[in-house]
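Novice: Mind looking over this structure? Questions follow.
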Amino acid sequence: MTALLIRDVKLGLRAGGGALIGILFYLAVAAVTPFAMGPDLNLLAKIGPAILWIGALLASLLGLERLFQIDREDGSLDLMVLNRHIMPLSFAVFIKCVAHWITTGLPLVIVTPLLGLLLNMDGKAIGATALTLLIGTPAVTFIGAVGAAIAVSLPRGGLLVSVVILPFVIPVLIFGVMATFGAVVDGAPFKAPMLLLAALTLFFAVLGPFAAGYALKNAGD
Amino acid sequence: MQLIAENLAADRGDTRIFEGVSFSLRAGEGMTITGPNGAGKSTLMRVLAGFLPPSAGSVKISGGHLAEHSHYLGPNNGMKPNLSVKENLRFWQDYYGGGGRTPLEALEEVGLGHVLDVPFSDLSTGQKRRVAIARLFVSPRYIWLLDEPTTGLDNSSEHMFTRLIVRHLRTGGLVIAATHLSLGVDAMKNLRFAEPNK
């Protein structure tokens with residue numbers, strides 16, 4: 001159990017793991033936006049959290065299709081299916097998702113304060129964005145696991161995975177941004193969207209691995 | 001301990017790959033599966049390993065599920081190129097529930113004790129295959145399901161692998177291998193697939 005987590009984190013951090021690609025994409029979104037919006041600093045500060053959320057969401061989708069595809073190509077997936085009596089596939093998927101989030105989602109949260117400065121956000125807004133991303137991005141990974149499992153046998157399934165899971169991650173985006181504004185703007189609700197965001201993550205932490213495990217078990221040609 | 005396959009059939013999509021396959025093996029017995037390309041050897045191995053549900057028939061062992069007692073050595077090695085040989089073997093040992101030889105001992109079985117700390121990607125094709133064979137020893141399972149196990153092996157490595165199979169059979173193991181090559185093991189049964197598409 002911990003062996004799978006440690007191995008996948010190691011693989012994610014070593015060269016070719018793709019952890020850096022997400023950060024660079026996130027940086028690109030945050031760095032380009034001010035040029036598109038023009039020199040209105042107030043506007044930038046106001047829409048900053050939404051921009052960061054969009055950037056982090058799209059960055060989380062990058063590389064998702066490789067989540068199980070690599071294991072399928074090198075034969076590891078077969079051995080995981082073989083040993084499902086020791087570790088049920090849905091549990092293995094859960095662990096792989098956690099490892100994937102640690103190597104791709106968590107770095108996005110960590111660089112958020114830096115990118116917040118680029119968007120003229122104040123400390124409170126930056127903190128709120130980082131907090132909501134911390135709670136919300138795991139949901140994107142768990143939902144993405146289902147798409148990755150369904151598209152595991154497709155050679156170039158990257159875009160398909162993003163399109164398939166996009167409708168399901170939109171609620172995460174809505175409540176994430178809503179909770180962030182709730183923390184910054186007086187009178188806007190904070191507690192309700194924050195709890196719903198946490199509920200989405202918990203809900204998909206159960207449903208996502210279960211569905212993905214089922215899809216993988218039946219992907220054995 | 002006995003493995004019994006009765007009247008197995010398998011489909012891929014709408015195509016019937018094979019049907020009416022029956023055999024039984026006892027502990028200490030081996031079987032090779034031969035036949036032309038596309039006859040269904042690998043499909044049968046995947047059915048036996050439980051990756052593909054049979055369209056008809058059943059495969060059973062006395063005392064448990066087949067997959068729980070099986071090693072599967074497929075066409076791919078199941079190793080991560082970015083990790084060292086030791087890390088790879090240690091990982092599978094853990095995943096299989098442990099209990100076998102240490103990675104170093106397993107590598108010495110296949111004559112590769114010196115590559116323990118080498119990244120898997122730095123090995124040659126034949127060496128990679130031998131590391132995959134070493135996986136059979138890091139956790140003890142008495143049924144070996146081998147799909148083209150000798151791909152990429154040179155002559156002496158093939159002989160070494162044959163010796164390992166003989167030893168496994170003598171110690172009460174059970175081996176089913178889909179291979180074109182004669183493994184040179186006496187007392188192996190043979191299941192021959194006919195030319196496909198009648």
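We name chains A, B, ... following the order of the structure tokens; residues begin at 1 in each chain, and ligands are numbered from 1 as shown.
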Quick one: residues within 12 Å of Ser62 (chain B), only C-alpha atoms counted, chain neighbours fewer than 6 positions away excluded, as a list in words?
Specialist: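 Counting only C-alpha atoms, the residues come to Met1, Gln2, Leu3, Ile4, Ala5, Ser24, Leu25, Arg26, Ala27 and His69 of chain B.
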Novice: Restricted to N, CA and C atoms, what would the selected residues look like written as a compact mmCIF listing (two decimals), in the first residue's frame?
Specialist:
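This is the output file part.txt:
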```txt
# COMPACT_ATOMS: atom_id res chain seq x y z
N MET B 1 -3.43 -30.85 -5.10
CA MET B 1 -3.59 -29.61 -5.88
C MET B 1 -3.73 -29.92 -7.36
N GLN B 2 -4.77 -29.44 -7.94
CA GLN B 2 -5.03 -29.74 -9.33
C GLN B 2 -5.65 -28.54 -10.03
N LEU B 3 -5.25 -28.33 -11.27
CA LEU B 3 -5.83 -27.26 -12.07
C LEU B 3 -6.67 -27.92 -13.17
N ILE B 4 -7.92 -27.54 -13.24
CA ILE B 4 -8.81 -28.14 -14.24
C ILE B 4 -9.44 -27.05 -15.09
N ALA B 5 -9.22 -27.12 -16.39
CA ALA B 5 -9.90 -26.22 -17.32
C ALA B 5 -10.89 -27.05 -18.13
N SER B 24 -6.19 -30.78 -17.70
CA SER B 24 -6.01 -30.76 -16.25
C SER B 24 -4.55 -31.02 -15.93
N LEU B 25 -4.08 -30.34 -14.92
CA LEU B 25 -2.67 -30.45 -14.52
C LEU B 25 -2.61 -30.65 -13.02
N ARG B 26 -1.64 -31.49 -12.60
CA ARG B 26 -1.41 -31.67 -11.17
C ARG B 26 -0.16 -30.90 -10.77
N ALA B 27 0.03 -30.78 -9.49
CA ALA B 27 1.26 -30.15 -9.00
C ALA B 27 2.45 -30.92 -9.55
N HIS B 69 -2.84 -17.66 -6.66
CA HIS B 69 -1.65 -18.53 -6.54
C HIS B 69 -0.76 -18.43 -7.76
```
Novice: Please, which residues of chain A lie no more than 9 Å from chain B when the count uses only C-alpha atoms, and can they be set out as a ChimeraX atom specification?
Specialist: /A:1,3-4,7,10-11,14-16,71-87,217-221
Novice: Keeping only C-alpha atoms, take the residues you just selected and write them out as a PDB file, in the first residue's frame.
Specialist:
```pdb
ATOM      1  CA  MET A   1       0.000   0.000   0.000  1.00  0.00           C
ATOM      2  CA  ALA A   3       4.886   0.878  -1.548  1.00  0.00           C
ATOM      3  CA  LEU A   4       2.553   1.928  -4.361  1.00  0.00           C
ATOM      4  CA  ARG A   7       6.736   4.385  -6.019  1.00  0.00           C
ATOM      5  CA  LYS A  10       8.993   8.828  -6.906  1.00  0.00           C
ATOM      6  CA  LEU A  11       8.020   8.287 -10.539  1.00  0.00           C
ATOM      7  CA  ARG A  14      11.810  11.947 -11.274  1.00  0.00           C
ATOM      8  CA  ALA A  15      12.576  13.121 -14.783  1.00  0.00           C
ATOM      9  CA  GLY A  16       9.727  12.610 -17.200  1.00  0.00           C
ATOM     10  CA  ASP A  71       0.966   0.992 -16.300  1.00  0.00           C
ATOM     11  CA  ARG A  72      -0.951  -0.631 -19.109  1.00  0.00           C
ATOM     12  CA  GLU A  73       1.868  -0.227 -21.606  1.00  0.00           C
ATOM     13  CA  ASP A  74       4.589  -1.685 -19.405  1.00  0.00           C
ATOM     14  CA  GLY A  75       2.432  -4.555 -18.175  1.00  0.00           C
ATOM     15  CA  SER A  76       2.102  -3.337 -14.572  1.00  0.00           C
ATOM     16  CA  LEU A  77      -1.665  -3.002 -14.906  1.00  0.00           C
ATOM     17  CA  ASP A  78      -1.981  -6.734 -15.639  1.00  0.00           C
ATOM     18  CA  LEU A  79      -0.073  -7.532 -12.471  1.00  0.00           C
ATOM     19  CA  MET A  80      -2.256  -5.149 -10.480  1.00  0.00           C
ATOM     20  CA  VAL A  81      -5.347  -6.905 -11.841  1.00  0.00           C
ATOM     21  CA  LEU A  82      -3.760 -10.269 -11.005  1.00  0.00           C
ATOM     22  CA  ASN A  83      -3.222  -9.194  -7.403  1.00  0.00           C
ATOM     23  CA  ARG A  84      -6.623  -7.640  -6.834  1.00  0.00           C
ATOM     24  CA  HIS A  85      -7.254 -10.145  -4.042  1.00  0.00           C
ATOM     25  CA  ILE A  86      -4.415  -8.497  -2.104  1.00  0.00           C
ATOM     26  CA  MET A  87      -5.183  -4.931  -3.088  1.00  0.00           C
ATOM     27  CA  LYS A 217     -10.843  -4.502 -14.501  1.00  0.00           C
ATOM     28  CA  ASN A 218     -12.875  -4.688 -17.685  1.00  0.00           C
ATOM     29  CA  ALA A 219     -10.225  -3.082 -19.871  1.00  0.00           C
ATOM     30  CA  GLY A 220      -8.229  -6.324 -19.991  1.00  0.00           C
ATOM     31  CA  ASP A 221      -8.979  -6.875 -23.678  1.00  0.00           C
TER      32      ASP A 221
END
```
Novice: Using DSSP secondary structure from the backbone, list all alpha helix (DSSP H) positions within region 43-133 of chain B, as a PyMOL selection string.
Specialist: chain B and resi 43-49+85-95+103-109+125-133
Novice: What's the 8 Å shell around Leu119 (chain A), counting only C-alpha atoms, without same-chain residues fewer than 2 positions away, as a ChimeraX atom specification?
Specialist: /A:30,34,44-45,48,115-117,121
Novice: Using only C-alpha atoms, which residues sit within 7 Å of Gly20 (chain B) once same-chain residues fewer than 3 positions away are excluded, as a list in words?
Specialist: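 Here the qualifying residues turn out to be Asn7, Leu8 and Ala9 of chain B.
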Novice: Can those selected residues be exported to a file as an mmCIF file, in the first residue's frame so that it contains N, CA and C atoms?
Specialist:
```cif
data_model
loop_
_atom_site.group_PDB
_atom_site.id
_atom_site.type_symbol
_atom_site.label_atom_id
_atom_site.label_comp_id
_atom_site.auth_asym_id
_atom_site.auth_seq_id
_atom_site.Cartn_x
_atom_site.Cartn_y
_atom_site.Cartn_z
ATOM 1 N N ASN B 7 -13.669 -27.059 -21.135
ATOM 2 C CA ASN B 7 -14.458 -26.541 -22.242
ATOM 3 C C ASN B 7 -14.362 -25.027 -22.398
ATOM 4 N N LEU B 8 -13.162 -24.484 -22.203
ATOM 5 C CA LEU B 8 -12.976 -23.032 -22.240
ATOM 6 C C LEU B 8 -13.209 -22.475 -23.644
ATOM 7 N N ALA B 9 -13.812 -21.304 -23.699
ATOM 8 C CA ALA B 9 -13.944 -20.583 -24.964
ATOM 9 C C ALA B 9 -13.725 -19.113 -24.669
#
```
Novice: Between CA of Ser84 (chain B) and CA of Asp117 (chain B), what is the distance in Å, rounded to a tenth?
Specialist: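 So the answer is 5.4 Å.
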Novice: Pick the closest to Pro171 (chain A) from A:Leu106, A:Leu57, A:Gly157, A:Gly123: which is it, counting only C-alpha atoms?
Specialist: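 So, comparing all the options, the nearest one is A:Leu57.
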Novice: Give the strand (DSSP E) residues of region 4-197 of chain B, as DSSP finds them on the backbone, and put them as an MDAnalysis selection string.
Specialist: chainID B and resid 4:12 15:26 30:34 56:61 70:73 143:147 174:178 188:192
Novice: Just write the chosen residues, C-alpha atoms, as a PDB file, in the first residue's frame.
Specialist:
```
ATOM      1  CA  ILE B   4      -8.806 -28.143 -14.244  1.00  0.00           C
ATOM      2  CA  ALA B   5      -9.903 -26.223 -17.323  1.00  0.00           C
ATOM      3  CA  GLU B   6     -13.157 -27.385 -18.816  1.00  0.00           C
ATOM      4  CA  ASN B   7     -14.458 -26.541 -22.242  1.00  0.00           C
ATOM      5  CA  LEU B   8     -12.976 -23.032 -22.240  1.00  0.00           C
ATOM      6  CA  ALA B   9     -13.944 -20.583 -24.964  1.00  0.00           C
ATOM      7  CA  ALA B  10     -12.995 -16.942 -25.442  1.00  0.00           C
ATOM      8  CA  ASP B  11     -14.114 -14.089 -27.666  1.00  0.00           C
ATOM      9  CA  ARG B  12     -12.452 -10.853 -28.640  1.00  0.00           C
ATOM     10  CA  THR B  15     -14.759 -13.112 -32.965  1.00  0.00           C
ATOM     11  CA  ARG B  16     -14.536 -16.500 -31.326  1.00  0.00           C
ATOM     12  CA  ILE B  17     -10.831 -17.037 -30.711  1.00  0.00           C
ATOM     13  CA  PHE B  18     -10.965 -20.604 -29.451  1.00  0.00           C
ATOM     14  CA  GLU B  19     -13.450 -23.014 -27.946  1.00  0.00           C
ATOM     15  CA  GLY B  20     -13.609 -26.426 -26.392  1.00  0.00           C
ATOM     16  CA  VAL B  21     -10.240 -26.220 -24.596  1.00  0.00           C
ATOM     17  CA  SER B  22     -10.009 -28.711 -21.742  1.00  0.00           C
ATOM     18  CA  PHE B  23      -7.026 -29.897 -19.757  1.00  0.00           C
ATOM     19  CA  SER B  24      -6.013 -30.757 -16.252  1.00  0.00           C
ATOM     20  CA  LEU B  25      -2.675 -30.453 -14.523  1.00  0.00           C
ATOM     21  CA  ARG B  26      -1.406 -31.670 -11.173  1.00  0.00           C
ATOM     22  CA  GLY B  30       3.870 -28.409 -16.829  1.00  0.00           C
ATOM     23  CA  MET B  31       2.220 -27.645 -20.124  1.00  0.00           C
ATOM     24  CA  THR B  32       3.346 -25.752 -23.189  1.00  0.00           C
ATOM     25  CA  ILE B  33       0.853 -24.111 -25.490  1.00  0.00           C
ATOM     26  CA  THR B  34       1.949 -24.001 -29.098  1.00  0.00           C
ATOM     27  CA  ALA B  56     -17.867 -20.474 -21.900  1.00  0.00           C
ATOM     28  CA  GLY B  57     -16.435 -23.091 -19.622  1.00  0.00           C
ATOM     29  CA  SER B  58     -14.435 -22.619 -16.450  1.00  0.00           C
ATOM     30  CA  VAL B  59     -10.980 -22.908 -14.996  1.00  0.00           C
ATOM     31  CA  LYS B  60     -10.540 -23.929 -11.382  1.00  0.00           C
ATOM     32  CA  ILE B  61      -7.927 -25.053  -8.946  1.00  0.00           C
ATOM     33  CA  SER B  70      -0.327 -17.381  -9.896  1.00  0.00           C
ATOM     34  CA  HIS B  71       2.557 -15.478 -11.303  1.00  0.00           C
ATOM     35  CA  TYR B  72       1.872 -14.005 -14.725  1.00  0.00           C
ATOM     36  CA  LEU B  73       4.795 -13.210 -17.000  1.00  0.00           C
ATOM     37  CA  ILE B 143       1.475 -21.569 -10.551  1.00  0.00           C
ATOM     38  CA  TRP B 144       3.517 -19.855 -13.262  1.00  0.00           C
ATOM     39  CA  LEU B 145       1.615 -18.523 -16.245  1.00  0.00           C
ATOM     40  CA  LEU B 146       4.218 -17.629 -18.853  1.00  0.00           C
ATOM     41  CA  ASP B 147       3.335 -15.905 -22.111  1.00  0.00           C
ATOM     42  CA  LEU B 174       2.843 -25.895 -11.924  1.00  0.00           C
ATOM     43  CA  VAL B 175       3.849 -24.205 -15.147  1.00  0.00           C
ATOM     44  CA  ILE B 176       1.798 -23.239 -18.183  1.00  0.00           C
ATOM     45  CA  ALA B 177       3.848 -21.595 -20.922  1.00  0.00           C
ATOM     46  CA  ALA B 178       2.746 -20.256 -24.279  1.00  0.00           C
ATOM     47  CA  MET B 188       5.659 -31.411 -20.178  1.00  0.00           C
ATOM     48  CA  LYS B 189       2.239 -31.758 -21.684  1.00  0.00           C
ATOM     49  CA  ASN B 190       1.551 -29.908 -24.903  1.00  0.00           C
ATOM     50  CA  LEU B 191      -1.597 -28.142 -26.023  1.00  0.00           C
ATOM     51  CA  ARG B 192      -1.509 -27.373 -29.715  1.00  0.00           C
TER      52      ARG B 192
END
```
Novice: May I have the residues within 12 Å of region 93-98 of chain A as number ranges by chain, using only C-alpha atoms and disregarding those fewer than 6 positions away in the same chain?
Specialist: A: 1-12, 60, 64, 66-68, 71, 77, 80-81, 84, 87, 104-106, 137-146, 148-149, 202, 204-217
Novice: Distance CA of Gly152 (chain B)-CA of His180 (chain B), one decimal place?
Specialist: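 Those two atoms sit 13.0 Å apart.
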Novice: Compare A:Ile102, A:Leu13, A:Ala183, A:Leu118 by their minimum atom-to-atom distance to Ile51 (chain A), counting only C-alpha atoms, and give me the closest one.
Specialist: A:Leu118
Novice: Tell me which protein, DNA and RNA residues are within 12 Å of Arg101 (chain B), counting only C-alpha atoms, leaving out same-chain ones fewer than 5 positions away, and put them as a CSV table (one decimal) with N, CA and C atoms, in the first residue's frame.
Specialist:
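So selection06.csv came out as:
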```csv
chain,number,residue,atom,x,y,z
B,89,LEU,N,11.9,-4.6,-8.2
B,89,LEU,CA,11.6,-5.9,-7.6
B,89,LEU,C,11.1,-5.7,-6.2
B,90,ARG,N,11.7,-4.8,-5.4
B,90,ARG,CA,11.2,-4.6,-4.1
B,90,ARG,C,9.7,-4.2,-4.1
B,92,TRP,N,7.4,-4.9,-6.4
B,92,TRP,CA,6.5,-6.0,-6.7
B,92,TRP,C,6.4,-7.0,-5.6
B,93,GLN,N,7.6,-7.2,-4.9
B,93,GLN,CA,7.6,-8.1,-3.7
B,93,GLN,C,6.5,-7.6,-2.7
B,94,ASP,N,6.5,-6.3,-2.5
B,94,ASP,CA,5.5,-5.8,-1.5
B,94,ASP,C,4.1,-6.0,-2.1
B,106,ALA,N,16.9,-13.1,-5.9
B,106,ALA,CA,16.1,-13.4,-7.1
B,106,ALA,C,17.0,-13.1,-8.3
B,107,LEU,N,17.7,-12.0,-8.3
B,107,LEU,CA,18.5,-11.6,-9.4
B,107,LEU,C,19.7,-12.6,-9.7
B,108,GLU,N,20.2,-13.2,-8.5
B,108,GLU,CA,21.3,-14.2,-8.7
B,108,GLU,C,20.7,-15.4,-9.3
B,109,GLU,N,19.4,-15.7,-9.1
B,109,GLU,CA,18.8,-16.9,-9.8
B,109,GLU,C,18.9,-16.8,-11.3
B,134,ALA,N,13.1,-12.8,-12.7
B,134,ALA,CA,13.5,-12.7,-11.3
B,134,ALA,C,12.3,-12.4,-10.4
B,135,ARG,N,11.3,-11.7,-11.0
B,135,ARG,CA,10.1,-11.3,-10.3
B,135,ARG,C,9.4,-12.6,-9.8
B,136,LEU,N,9.5,-13.7,-10.5
B,136,LEU,CA,8.8,-14.9,-10.1
B,136,LEU,C,9.3,-15.4,-8.8
B,137,PHE,N,10.5,-14.9,-8.3
B,137,PHE,CA,11.1,-15.5,-7.1
B,137,PHE,C,10.9,-14.5,-5.9
B,138,VAL,N,10.5,-13.3,-6.1
B,138,VAL,CA,10.5,-12.4,-4.9
B,138,VAL,C,9.2,-12.6,-4.1
B,139,SER,N,8.3,-13.4,-4.7
B,139,SER,CA,7.1,-13.8,-3.9
B,139,SER,C,6.7,-15.2,-4.3
B,140,PRO,N,6.6,-16.1,-3.4
B,140,PRO,CA,6.3,-17.5,-3.9
B,140,PRO,C,4.9,-17.7,-4.3
B,141,ARG,N,4.7,-18.1,-5.6
B,141,ARG,CA,3.4,-18.5,-6.1
B,141,ARG,C,3.7,-19.8,-6.8
```
